[in-house]
$ cat work37.tsv   # TSV, C-alpha atoms
chain	number	residue	atom	x	y	z
A	294	MET	CA	120.51	-19.83	-55.73
A	295	LEU	CA	120.10	-23.47	-56.71
A	296	PRO	CA	116.68	-25.09	-56.22
A	297	VAL	CA	116.57	-27.85	-53.62
A	298	PRO	CA	115.92	-31.11	-55.52
A	299	PRO	CA	112.25	-32.19	-55.29
A	300	ALA	CA	111.13	-35.56	-53.91
A	301	GLY	CA	112.84	-38.52	-55.53
A	302	CYS	CA	115.68	-36.38	-56.89
A	303	ALA	CA	119.26	-35.78	-55.81
A	304	ASP	CA	122.14	-33.54	-56.89
A	305	VAL	CA	125.67	-34.93	-56.89
A	306	TRP	CA	128.91	-32.93	-56.77
A	307	TRP	CA	132.35	-34.48	-57.34
A	308	LEU	CA	135.72	-32.97	-56.52
A	309	ASP	CA	139.21	-34.21	-57.29
A	310	ILE	CA	141.25	-32.77	-54.43
A	311	THR	CA	144.42	-32.86	-56.52
A	312	SER	CA	142.81	-30.21	-58.74
A	313	VAL	CA	142.40	-27.58	-56.04
A	314	ALA	CA	144.59	-25.39	-53.89
A	315	VAL	CA	143.17	-24.51	-50.50
A	316	GLY	CA	144.41	-21.06	-49.52
A	317	ARG	CA	143.80	-18.62	-46.71
A	318	GLY	CA	140.57	-17.39	-48.27
A	319	GLU	CA	139.15	-20.90	-48.29
A	320	LEU	CA	140.40	-21.75	-44.80
A	321	ALA	CA	138.67	-18.64	-43.45
A	322	GLU	CA	135.35	-20.25	-44.39
A	323	LEU	CA	135.84	-23.14	-41.96
A	324	SER	CA	134.62	-23.17	-38.36
A	325	LEU	CA	136.84	-23.34	-35.30
A	326	GLU	CA	135.83	-26.96	-34.82
A	327	GLU	CA	136.81	-27.79	-38.40
A	328	HIS	CA	140.17	-26.07	-37.87
A	329	LYS	CA	140.73	-28.11	-34.72
A	330	ARG	CA	139.96	-31.33	-36.53
A	331	ALA	CA	142.23	-30.36	-39.41
A	332	ALA	CA	145.07	-29.60	-36.99
A	333	ALA	CA	144.78	-33.08	-35.46
A	334	PHE	CA	145.88	-34.87	-38.63
A	335	VAL	CA	149.34	-36.43	-38.49
A	336	PHE	CA	149.89	-36.31	-42.25
A	337	ARG	CA	149.61	-33.22	-44.43
A	338	ALA	CA	147.81	-35.05	-47.24
A	339	ASP	CA	145.02	-36.07	-44.85
A	340	ARG	CA	144.71	-32.51	-43.56
A	341	ARG	CA	144.49	-31.23	-47.11
A	342	ARG	CA	141.79	-33.75	-48.05
A	343	TYR	CA	139.73	-32.84	-45.02
A	344	THR	CA	139.98	-29.09	-45.53
A	345	ALA	CA	139.25	-29.31	-49.27
A	346	ALA	CA	136.23	-31.54	-48.62
A	347	HIS	CA	134.77	-29.25	-45.96
A	348	VAL	CA	135.39	-26.06	-47.91
A	349	MET	CA	133.56	-27.68	-50.80
A	350	LEU	CA	130.72	-28.90	-48.57
A	351	ARG	CA	130.18	-25.37	-47.26
A	352	ARG	CA	130.22	-23.87	-50.75
A	353	VAL	CA	127.89	-26.49	-52.19
A	354	VAL	CA	125.33	-26.23	-49.37
A	355	SER	CA	125.62	-22.43	-49.43
A	356	GLY	CA	124.59	-22.55	-53.07
A	357	TYR	CA	121.13	-23.85	-52.08
A	358	LEU	CA	120.65	-21.25	-49.33
A	359	ASP	CA	120.99	-17.52	-49.04
A	360	ILE	CA	123.73	-17.99	-46.45
A	361	PRO	CA	127.51	-17.45	-46.93
A	362	PRO	CA	129.64	-20.61	-46.57
A	363	SER	CA	131.38	-19.37	-43.43
A	364	SER	CA	128.04	-18.67	-41.71
A	365	LEU	CA	126.75	-22.23	-41.98
A	366	ALA	CA	126.64	-24.00	-38.61
A	367	PHE	CA	126.61	-27.76	-38.96
A	368	ARG	CA	125.52	-30.12	-36.22
A	369	ARG	CA	125.02	-33.86	-35.84
A	370	GLU	CA	121.56	-35.29	-35.35
A	371	PRO	CA	121.15	-38.02	-32.73
A	372	CYS	CA	121.57	-41.58	-33.96
A	373	PRO	CA	118.05	-43.03	-34.36
A	374	ARG	CA	119.18	-46.27	-32.68
A	375	CYS	CA	121.35	-45.24	-29.74
A	376	GLY	CA	120.65	-41.51	-29.40
A	377	LYS	CA	124.33	-40.55	-29.44
A	378	PRO	CA	125.27	-37.44	-31.46
A	379	THR	CA	126.65	-39.53	-34.29
A	380	GLY	CA	123.71	-39.28	-36.68
A	381	ARG	CA	123.33	-37.39	-39.92
A	382	PRO	CA	125.00	-33.98	-40.32
A	383	ALA	CA	122.41	-31.23	-40.53
A	384	LEU	CA	121.84	-27.50	-40.32
A	385	PRO	CA	120.26	-26.11	-37.12
A	386	PHE	CA	116.97	-25.21	-38.76
A	387	GLY	CA	117.15	-27.70	-41.57
A	388	TYR	CA	116.07	-25.24	-44.28
A	389	GLY	CA	114.66	-28.23	-46.16
A	390	VAL	CA	118.15	-29.12	-47.40
A	391	HIS	CA	119.62	-32.54	-46.72
A	392	PHE	CA	123.19	-33.39	-47.63
A	393	SER	CA	125.81	-36.09	-47.29
A	394	LEU	CA	129.59	-35.95	-47.73
A	395	ALA	CA	132.03	-38.76	-48.44
A	396	HIS	CA	135.69	-38.80	-49.35
A	397	SER	CA	138.26	-41.45	-50.10
A	398	GLY	CA	141.66	-41.15	-51.72
A	399	ASP	CA	141.56	-38.08	-53.95
A	400	ALA	CA	137.78	-38.18	-54.44
A	401	VAL	CA	135.17	-36.13	-52.62
A	402	VAL	CA	131.47	-36.56	-53.33
A	403	ILE	CA	128.57	-34.55	-51.93
A	404	ALA	CA	124.88	-35.39	-52.38
A	405	VAL	CA	122.12	-32.82	-51.82
A	406	ALA	CA	118.39	-33.60	-51.68
A	407	GLY	CA	115.10	-32.40	-50.26
A	408	GLN	CA	114.82	-35.57	-48.19
A	409	GLN	CA	117.28	-37.63	-46.14
A	410	VAL	CA	120.19	-38.70	-48.32
A	411	GLY	CA	123.34	-40.73	-47.85
A	412	VAL	CA	126.33	-41.08	-50.16
A	413	ASP	CA	129.54	-43.07	-49.95
A	414	VAL	CA	132.66	-43.47	-52.06
A	415	GLU	CA	135.57	-45.82	-51.51
A	416	GLN	CA	138.86	-46.24	-53.28
A	417	GLN	CA	139.62	-49.88	-54.03
A	418	PRO	CA	141.90	-50.90	-51.12
A	419	ALA	CA	145.44	-51.98	-51.84
A	420	GLY	CA	145.12	-55.20	-49.87
A	421	CYS	CA	142.79	-58.20	-49.74
A	422	VAL	CA	139.33	-57.46	-48.36
A	423	CYS	CA	137.95	-61.02	-48.40
A	424	SER	CA	137.88	-61.12	-44.58
A	425	MET	CA	134.99	-58.65	-44.77
A	426	SER	CA	132.78	-61.35	-46.29
A	427	THR	CA	131.89	-62.55	-42.79
A	428	ASP	CA	130.14	-59.21	-42.16
A	429	MET	CA	127.97	-59.42	-45.26
A	430	ASP	CA	124.36	-60.49	-45.30
A	431	ALA	CA	124.25	-64.14	-46.42
A	432	ASP	CA	122.44	-63.29	-49.67
A	433	ASP	CA	125.04	-60.66	-50.53
A	434	ALA	CA	127.96	-62.94	-49.66
A	435	GLU	CA	126.54	-65.63	-51.94
A	436	TRP	CA	127.25	-63.43	-54.98
A	437	GLY	CA	130.98	-63.68	-54.25
A	438	ARG	CA	131.33	-67.43	-54.31
A	439	ALA	CA	131.57	-67.76	-58.07
A	440	LEU	CA	133.83	-64.76	-58.58
A	441	SER	CA	137.58	-64.54	-59.00
A	442	GLU	CA	139.57	-62.99	-56.16
A	443	ALA	CA	139.66	-59.63	-57.96
A	444	GLY	CA	135.92	-59.90	-58.55
A	445	ARG	CA	135.35	-60.62	-54.86
A	446	HIS	CA	137.35	-57.56	-53.87
A	447	GLU	CA	135.25	-55.42	-56.18
A	448	LEU	CA	132.08	-57.01	-54.83
A	449	VAL	CA	133.06	-56.32	-51.21
A	450	ILE	CA	133.63	-52.65	-51.95
A	451	ARG	CA	130.37	-52.46	-53.93
A	452	TRP	CA	128.59	-54.02	-50.95
A	453	TRP	CA	130.29	-51.63	-48.54
A	454	VAL	CA	129.48	-48.39	-50.35
A	455	ARG	CA	125.86	-49.42	-50.87
A	456	ALA	CA	125.43	-50.45	-47.22
A	457	GLU	CA	127.16	-47.35	-45.91
A	458	ALA	CA	125.11	-45.05	-48.17
A	459	VAL	CA	121.93	-46.55	-46.68
A	460	LEU	CA	123.18	-46.31	-43.09
A	461	LYS	CA	124.29	-42.70	-43.64
A	462	CYS	CA	120.86	-41.93	-45.07
A	463	THR	CA	119.09	-43.35	-42.02
A	464	GLY	CA	121.64	-41.81	-39.65
A	465	GLU	CA	122.52	-45.14	-38.06
A	466	GLY	CA	126.03	-45.28	-39.45
A	467	ILE	CA	128.14	-48.39	-39.77
A	468	GLY	CA	128.18	-48.78	-35.99
A	469	HIS	CA	124.73	-50.27	-36.38
A	470	GLY	CA	123.25	-52.44	-39.02
A	471	ILE	CA	126.13	-53.28	-41.35
A	472	GLY	CA	125.34	-56.67	-42.85
A	473	GLU	CA	121.84	-56.82	-41.34
A	474	PHE	CA	120.16	-56.56	-44.73
A	475	PRO	CA	121.10	-57.37	-48.32
A	476	VAL	CA	122.08	-54.41	-50.51
A	477	LEU	CA	123.22	-56.07	-53.73
A	478	GLY	CA	119.85	-57.42	-54.90
A	479	SER	CA	117.77	-56.65	-57.96
A	480	PRO	CA	116.97	-54.51	-59.88
A	481	ASP	CA	120.50	-53.11	-59.68
A	482	GLY	CA	121.93	-56.61	-59.93
A	483	PRO	CA	124.77	-58.12	-57.99
A	484	VAL	CA	127.42	-55.68	-59.13
A	485	GLY	CA	125.26	-52.63	-59.66
A	486	ARG	CA	124.63	-50.76	-62.83
A	487	ALA	CA	126.81	-48.00	-64.18
A	488	VAL	CA	124.98	-44.69	-64.09
A	489	PRO	CA	125.80	-42.42	-67.01
A	490	GLY	CA	127.03	-38.93	-66.22
A	491	GLY	CA	125.26	-35.69	-67.06
A	492	PRO	CA	122.20	-34.04	-65.59
A	493	ASP	CA	118.81	-35.52	-64.90
A	494	GLN	CA	119.42	-39.21	-65.32
A	495	LEU	CA	116.54	-41.39	-64.15
A	496	VAL	CA	118.09	-44.39	-62.45
A	497	ALA	CA	116.21	-47.51	-61.31
A	498	ALA	CA	116.62	-47.92	-57.56
A	499	THR	CA	116.65	-50.87	-55.19
A	500	SER	CA	114.47	-50.65	-52.07
A	501	VAL	CA	116.70	-51.32	-49.06
A	502	HIS	CA	116.05	-50.72	-45.35
A	503	GLY	CA	113.49	-47.95	-45.97
A	504	CYS	CA	115.67	-46.28	-48.60
A	505	SER	CA	116.00	-46.18	-52.37
A	506	LEU	CA	119.50	-47.19	-53.35
A	507	ILE	CA	121.54	-46.73	-56.53
A	508	SER	CA	125.16	-47.18	-57.54
A	509	LEU	CA	126.84	-43.98	-58.70
A	510	PRO	CA	129.34	-43.64	-61.50
A	511	ALA	CA	132.73	-43.17	-59.90
A	512	PRO	CA	136.29	-42.44	-61.02
A	513	ALA	CA	138.46	-45.39	-62.05
A	514	GLY	CA	139.55	-47.30	-58.96
A	515	TYR	CA	136.59	-46.06	-56.90
A	516	GLN	CA	133.04	-47.18	-56.25
A	517	ALA	CA	130.16	-45.05	-54.97
A	518	ALA	CA	126.49	-45.32	-54.02
A	519	LEU	CA	123.62	-43.02	-53.08
A	520	ALA	CA	120.54	-43.66	-50.96
A	521	LEU	CA	117.40	-41.54	-50.61
A	522	ALA	CA	114.85	-41.94	-47.83
A	523	GLY	CA	111.60	-43.56	-48.91
A	524	ASP	CA	110.56	-46.09	-51.47
A	525	ASN	CA	111.21	-44.63	-54.90
A	526	SER	CA	111.33	-47.00	-57.83
A	527	ALA	CA	113.81	-44.64	-59.46
A	528	ILE	CA	115.96	-41.65	-58.50
A	529	ARG	CA	116.35	-38.66	-60.77
A	530	LEU	CA	120.01	-37.80	-60.54
A	531	ALA	CA	121.65	-34.51	-61.52
A	532	VAL	CA	125.45	-34.58	-61.55
A	533	ARG	CA	126.11	-30.88	-60.88
A	534	ALA	CA	129.88	-31.30	-60.89
A	535	PRO	CA	131.23	-34.34	-62.73
A	536	TRP	CA	134.58	-35.81	-61.76
A	537	THR	CA	136.36	-34.22	-64.68
A	538	SER	CA	135.50	-30.66	-63.70
A	539	ALA	CA	135.55	-29.65	-60.07
A	540	ALA	CA	132.56	-27.78	-58.67
A	541	ARG	CA	134.45	-24.64	-57.89
A	542	ARG	CA	138.18	-24.28	-57.90
A	543	PRO	CA	139.50	-21.93	-55.26
A	544	SER	CA	141.88	-19.24	-56.45
A	545	ARG	CA	145.42	-20.48	-57.02
A	546	SER	CA	146.73	-16.99	-56.23
A	547	GLU	CA	146.23	-17.77	-52.58
A	548	PRO	CA	149.16	-19.45	-50.79
A	549	PRO	CA	148.56	-23.17	-50.35
A	550	VAL	CA	147.64	-24.56	-46.99
A	551	ARG	CA	150.69	-25.33	-44.83
B	28	MET	CA	115.80	-54.16	-33.62
B	29	SER	CA	115.51	-57.34	-35.60
B	30	GLU	CA	118.30	-59.86	-35.59
B	31	PRO	CA	120.14	-60.28	-38.87
B	32	LYS	CA	118.95	-63.36	-40.68
B	33	GLY	CA	122.47	-64.46	-41.38
B	34	ARG	CA	125.97	-63.41	-42.22
B	35	GLY	CA	128.12	-64.46	-45.08
B	36	ALA	CA	130.50	-67.32	-44.53
B	37	ALA	CA	134.18	-66.51	-44.76
B	38	TRP	CA	135.67	-66.81	-48.23
B	39	THR	CA	139.03	-67.34	-46.52
B	40	GLU	CA	139.87	-69.55	-43.57
B	41	GLU	CA	140.16	-67.84	-40.19
B	42	ARG	CA	143.48	-68.37	-38.46
B	43	GLY	CA	142.62	-67.56	-34.87
B	44	THR	CA	145.16	-68.40	-32.19
B	45	SER	CA	144.33	-71.11	-29.67
B	46	ASP	CA	144.67	-70.99	-25.89
B	47	GLU	CA	147.32	-73.66	-26.08
B	48	GLY	CA	150.65	-72.48	-24.78
B	49	ARG	CA	149.25	-69.70	-22.61
B	50	ARG	CA	151.52	-69.16	-19.62
B	51	ARG	CA	152.31	-66.68	-16.90
B	52	LEU	CA	153.93	-63.67	-18.48
B	53	THR	CA	156.68	-61.33	-17.40
B	54	ALA	CA	156.35	-57.62	-18.06
B	55	PRO	CA	159.50	-57.23	-20.23
B	56	ARG	CA	158.44	-60.10	-22.47
B	57	ARG	CA	154.96	-58.64	-22.73
B	58	ARG	CA	156.34	-55.25	-23.76
B	59	ALA	CA	158.41	-56.93	-26.47
B	60	GLU	CA	155.30	-58.71	-27.65
B	61	ASP	CA	153.40	-55.39	-27.71
B	62	THR	CA	156.11	-53.93	-29.93
B	63	ALA	CA	155.97	-56.87	-32.32
B	64	ILE	CA	152.18	-56.65	-32.51
B	65	ALA	CA	152.33	-52.88	-33.07
B	66	ASP	CA	154.73	-53.48	-35.96
B	67	GLU	CA	152.34	-56.02	-37.47
B	68	LEU	CA	149.42	-53.61	-37.04
B	69	ARG	CA	151.41	-50.91	-38.87
B	70	HIS	CA	151.94	-53.35	-41.74
B	71	VAL	CA	148.23	-54.24	-41.76
B	72	LEU	CA	147.33	-50.56	-42.01
B	73	ALA	CA	149.90	-49.84	-44.68
B	74	GLY	CA	148.86	-52.90	-46.67
B	75	ALA	CA	145.14	-52.13	-46.44
B	76	THR	CA	145.51	-48.49	-47.40
B	77	GLY	CA	148.55	-48.60	-49.70
B	78	ARG	CA	150.01	-45.79	-47.56
B	79	SER	CA	153.61	-46.57	-46.60
B	80	GLU	CA	153.73	-43.58	-44.23
B	81	LEU	CA	151.55	-45.54	-41.82
B	82	LEU	CA	154.58	-47.77	-41.15
B	83	ARG	CA	156.02	-44.79	-39.24
B	84	ILE	CA	153.18	-43.92	-36.89
B	85	THR	CA	154.07	-43.89	-33.21
B	86	LEU	CA	152.43	-45.87	-30.41
B	87	ASP	CA	150.60	-42.79	-29.16
B	88	THR	CA	149.01	-42.05	-32.55
B	89	PRO	CA	145.20	-42.19	-32.37
B	90	LEU	CA	143.85	-44.73	-34.87
B	91	PHE	CA	140.38	-43.30	-35.20
B	92	GLY	CA	139.12	-39.75	-35.15
B	93	THR	CA	141.18	-37.66	-37.50
B	94	ALA	CA	144.86	-38.33	-36.73
B	95	VAL	CA	145.66	-40.80	-39.51
B	96	ALA	CA	142.39	-40.42	-41.40
B	97	LEU	CA	141.35	-44.06	-41.44
B	98	ASP	CA	138.01	-44.17	-43.16
B	99	SER	CA	135.19	-46.41	-41.99
B	100	LEU	CA	136.11	-49.18	-44.41
B	101	THR	CA	139.78	-49.24	-43.44
B	102	GLY	CA	138.94	-49.09	-39.75
B	103	THR	CA	136.58	-52.02	-40.11
B	104	LEU	CA	139.13	-53.88	-42.21
B	105	LEU	CA	141.74	-53.34	-39.49
B	106	LEU	CA	139.46	-54.99	-36.91
B	107	ARG	CA	138.76	-57.89	-39.29
B	108	GLU	CA	142.48	-58.39	-39.84
B	109	VAL	CA	143.12	-58.30	-36.08
B	110	ARG	CA	140.55	-61.05	-35.68
B	111	HIS	CA	141.99	-62.93	-38.63
B	112	ARG	CA	145.66	-62.73	-37.55
B	113	PHE	CA	145.44	-62.78	-33.75
B	114	GLY	CA	142.06	-64.38	-33.07
B	115	VAL	CA	140.98	-61.33	-31.04
B	116	ASP	CA	137.54	-59.83	-31.71
B	117	VAL	CA	138.08	-56.29	-30.45
B	118	ALA	CA	134.53	-55.13	-31.16
B	119	ARG	CA	133.07	-58.04	-29.19
B	120	GLU	CA	135.47	-57.91	-26.23
B	121	ASP	CA	135.74	-54.14	-25.83
B	122	LEU	CA	132.27	-52.71	-26.29
B	123	ASN	CA	133.43	-49.15	-25.69
B	124	LEU	CA	136.29	-49.67	-28.14
B	125	ASP	CA	138.71	-48.04	-25.70
B	126	ALA	CA	141.38	-50.32	-27.13
B	127	LEU	CA	141.24	-48.32	-30.32
B	128	ALA	CA	142.38	-45.08	-28.69
B	129	THR	CA	145.90	-45.39	-30.08
B	130	LEU	CA	148.12	-47.87	-31.88
B	131	GLY	CA	149.74	-48.67	-28.52
B	132	THR	CA	146.47	-49.39	-26.72
B	133	LEU	CA	145.34	-51.69	-29.50
B	134	ALA	CA	148.68	-53.54	-29.51
B	135	ALA	CA	148.50	-53.99	-25.72
B	136	PHE	CA	144.87	-55.14	-25.91
B	137	VAL	CA	145.75	-57.76	-28.52
B	138	SER	CA	148.92	-58.78	-26.67
B	139	GLN	CA	147.02	-59.42	-23.44
B	140	ARG	CA	144.69	-61.81	-25.26
B	141	THR	CA	147.23	-63.83	-27.21
B	142	PRO	CA	149.86	-66.30	-26.01
B	143	LEU	CA	153.46	-65.19	-26.19
B	144	THR	CA	155.29	-66.44	-29.22
B	145	ALA	CA	158.08	-68.91	-28.50
B	146	GLY	CA	161.35	-67.25	-27.64
B	147	SER	CA	159.94	-63.75	-27.41
B	148	GLY	CA	161.51	-61.36	-24.92
$ encode --input "work37.tsv" --output "C-alpha cells"
Amino acid sequence: MLPVPPAGCADVWWLDITSVAVGRGELAELSLEEHKRAAAFVFRADRRRYTAAHVMLRRVVSGYLDIPPSSLAFRREPCPRCGKPTGRPALPFGYGVHFSLAHSGDAVVIAVAGQQVGVDVEQQPAGCVCSMSTDMDADDAEWGRALSEAGRHELVIRWWVRAEAVLKCTGEGIGHGIGEFPVLGSPDGPVGRAVPGGPDQLVAATSVHGCSLISLPAPAGYQAALALAGDNSAIRLAVRAPWTSAARRPSRSEPPVR
Amino acid sequence: MSEPKGRGAAWTEERGTSDEGRRRLTAPRRRAEDTAIADELRHVLAGATGRSELLRITLDTPLFGTAVALDSLTGTLLLREVRHRFGVDVAREDLNLDALATLGTLAAFVSQRTPLTAGSG
C-alpha cells in the first residue's frame, strides 16, 4: 500500500489513453453510475477516454487504501460557495486521501495528496483562444499584450489550467471565481516554470486564493497545473507514473471495449 | 464574496450584433435561422476542438454533461465565441443555462436574440 503524501507533498500519475486497452475486467471495476455516464457518450473515443480515466482513478486511489478498486464509492462534496453537489470528488469517509482527476485529448492526470488538491491538464486547442482574455484577471491579461498570437494562445491555456487547478482544489469549480484572482504571478513567472520529471522534486509554489500553485510538466501540446490547499512556499512532487510509462496497463488479452 | 478587481481587456475586437434591423419574425424564417446558427455552432465546436466529427452532431445532442465530452475549457470557449459572433451573452441572460441543454436549444436561444439576416427564409 502506498503512503499518503504528507503535508506539502503530492503524487502525480500520468496515463496516455492510447497506450491502454480497456477490457471487460477493467469495466467490471466501474460503478453503475460510471457505466451510465460512459453509455451517454455519442462518440466512441470519448467513451474510451472516460472509462480509461475512471478505471485508472479507481486503481490509483485503491493503491493508497486497503480497498479494491471496484469497492470504492465516490461522491461529490458540496460546492463551498453555492452548496450544490458540484464540489470536490471524495470518498465517503475520506480516509485522509484527497485526489483530483483531469483529462484532455489523450492525456489523463491524477493527483493524490493528504490535503485538498486540484489538478488540470489541457491540450492546446486547435482554434484561437484570444476571446478568453476578457475573462482573465487584469494582471494576468497584461502578460499577453507583448506576446505573439501563438504566445497569447499558450498564455491563455497556462492561465486556464492554473486557475482551474486552484478552483478544483477549493471545490468551487470554474462556475465560480474564474478570473477573480491572478494566477500567473511570481515566483512561477508569467509562463510558469517547467518542472523536471522524476520523484521528489521540490518545486517553488505561488500562493493563490488560499492554495499553493505550481505548473506541472506535461506532454508536448499540453499544459498542466497542480494546486494544494494552504500556503506552502514549495510543493514536494513525486511523479509516480510519468507520461512515458503508464501507471498500470490493463491486460491486452481482454477484448477491447465496444 | 469579493468582487473581482478587474478583467482583462479583449485582445481582439468584439463583433456583437446591433439591434438595428430587428423586425417581426415569421416562424419558418426563424427555423431557417436556427438551422444556420446550429451549423455555425458546429463549426465553432469543430474549430475549437479540432474534432471534425462534431460537424455531424444532431440538434438534440446535449452539449454539456457527457454526450460530446466538451471539457470545461471548450465549453467556456464556446460561450465566448457565441458572444463574439452573435453578441449574445448566454451566461448572463440564461442564469440556469437551460439554453445549453442541446445544440438545438442553444441555436434557438441565440436565434431569438439576434436579428434575422437579410434574405433568410
$ atom_distance --input "work37.tsv" --atom1 "atom CA of B:Thr129" --atom2 "atom CA of B:Leu100"
17.8 Å
$ residues_around --input "work37.tsv" --residues "B:Val117" --least-positions-apart "6" --cutoff "10 Å" --atoms "all atoms listed in the file" --output "ChimeraX atom specification"
/B:106-107,109-110,123-127,133,136-137
$ atom_distance --input "work37.tsv" --atom1 "atom CA of A:Ala456" --atom2 "atom CA of A:Val476"
6.1 Å
$ closest_atom_pairs --input "work37.tsv" --of "chain A" --to "chain B" --cutoff "7 Å" --atoms "only C-alpha atoms" --output "JSON lines"
{"residue": "A:Arg330", "atom": "CA", "partner": "B:Thr93", "partner_atom": "CA", "distance": 6.5}
{"residue": "A:Ala333", "atom": "CA", "partner": "B:Ala94", "partner_atom": "CA", "distance": 5.4}
{"residue": "A:Phe334", "atom": "CA", "partner": "B:Ala94", "partner_atom": "CA", "distance": 4.1}
{"residue": "A:Val335", "atom": "CA", "partner": "B:Ala94", "partner_atom": "CA", "distance": 5.2}
{"residue": "A:Phe336", "atom": "CA", "partner": "B:Val95", "partner_atom": "CA", "distance": 6.7}
{"residue": "A:Asp339", "atom": "CA", "partner": "B:Ala96", "partner_atom": "CA", "distance": 6.1}
{"residue": "A:Pro418", "atom": "CA", "partner": "B:Thr76", "partner_atom": "CA", "distance": 5.7}
{"residue": "A:Ala419", "atom": "CA", "partner": "B:Gly77", "partner_atom": "CA", "distance": 5.1}
{"residue": "A:Gly420", "atom": "CA", "partner": "B:Ala75", "partner_atom": "CA", "distance": 4.6}
{"residue": "A:Cys423", "atom": "CA", "partner": "B:Trp38", "partner_atom": "CA", "distance": 6.2}
{"residue": "A:Ser424", "atom": "CA", "partner": "B:Arg107", "partner_atom": "CA", "distance": 6.3}
{"residue": "A:Met425", "atom": "CA", "partner": "B:Arg107", "partner_atom": "CA", "distance": 6.7}
{"residue": "A:Ser426", "atom": "CA", "partner": "B:Ala37", "partner_atom": "CA", "distance": 5.6}
{"residue": "A:Thr427", "atom": "CA", "partner": "B:Gly35", "partner_atom": "CA", "distance": 4.8}
{"residue": "A:Asp428", "atom": "CA", "partner": "B:Arg34", "partner_atom": "CA", "distance": 5.9}
{"residue": "A:Met429", "atom": "CA", "partner": "B:Gly35", "partner_atom": "CA", "distance": 5.0}
{"residue": "A:Asp430", "atom": "CA", "partner": "B:Arg34", "partner_atom": "CA", "distance": 4.5}
{"residue": "A:Ala431", "atom": "CA", "partner": "B:Gly35", "partner_atom": "CA", "distance": 4.1}
{"residue": "A:Ala434", "atom": "CA", "partner": "B:Gly35", "partner_atom": "CA", "distance": 4.8}
{"residue": "A:Gly472", "atom": "CA", "partner": "B:Arg34", "partner_atom": "CA", "distance": 6.8}
{"residue": "A:Glu473", "atom": "CA", "partner": "B:Pro31", "partner_atom": "CA", "distance": 4.6}
{"residue": "A:Phe474", "atom": "CA", "partner": "B:Pro31", "partner_atom": "CA", "distance": 6.9}
$ closest_residue --input "work37.tsv" --among "A:Val354, A:Leu308, A:Cys504, A:Val422" --to "A:Arg445" --atoms "only C-alpha atoms"
A:Val422
$ atom_distance --input "work37.tsv" --atom1 "atom CA of A:Asp413" --atom2 "atom CA of A:Asp359"
27.0 Å
$ closest_residue --input "work37.tsv" --among "A:Ala383, A:Val401, A:Val454, A:Ala346" --to "A:Glu415" --atoms "all atoms listed in the file"
A:Val454
$ residues_around --input "work37.tsv" --residues "A:Arg374" --least-positions-apart "5" --cutoff "10 Å" --atoms "only C-alpha atoms" --output "list in words"
Gly380, Thr463, Gly464, Glu465, Gly466, Gly468, His469 and Gly470 of chain A; Met28 of chain B
$ closest_residue --input "work37.tsv" --among "B:Leu86, B:Ala128, B:Leu68, B:Ala135" --to "B:Leu105" --atoms "all atoms listed in the file"
B:Leu68
$ residues_around --input "work37.tsv" --residues "stretch 302-306 of chain A" --least-positions-apart "2" --cutoff "10 Å" --atoms "all atoms listed in the file" --output "ChimeraX atom specification"
/A:297-300,308,349-350,353,391-394,401-408,410,412,492-495,509,519-521,525,527-536,538-540
$ closest_residue --input "work37.tsv" --among "A:Gly503, A:Gly398, A:Pro378, A:Gly411" --to "A:Arg342" --atoms "all atoms listed in the file"
A:Gly398
$ residues_around --input "work37.tsv" --residues "B:Thr85" --least-positions-apart "2" --cutoff "8 Å" --atoms "only C-alpha atoms" --output "count of residues only"
5
$ closest_residue --input "work37.tsv" --among "B:Ser79, B:Gln139, B:Gly102, B:Asp116" --to "B:Ile64" --atoms "all atoms listed in the file"
B:Gln139
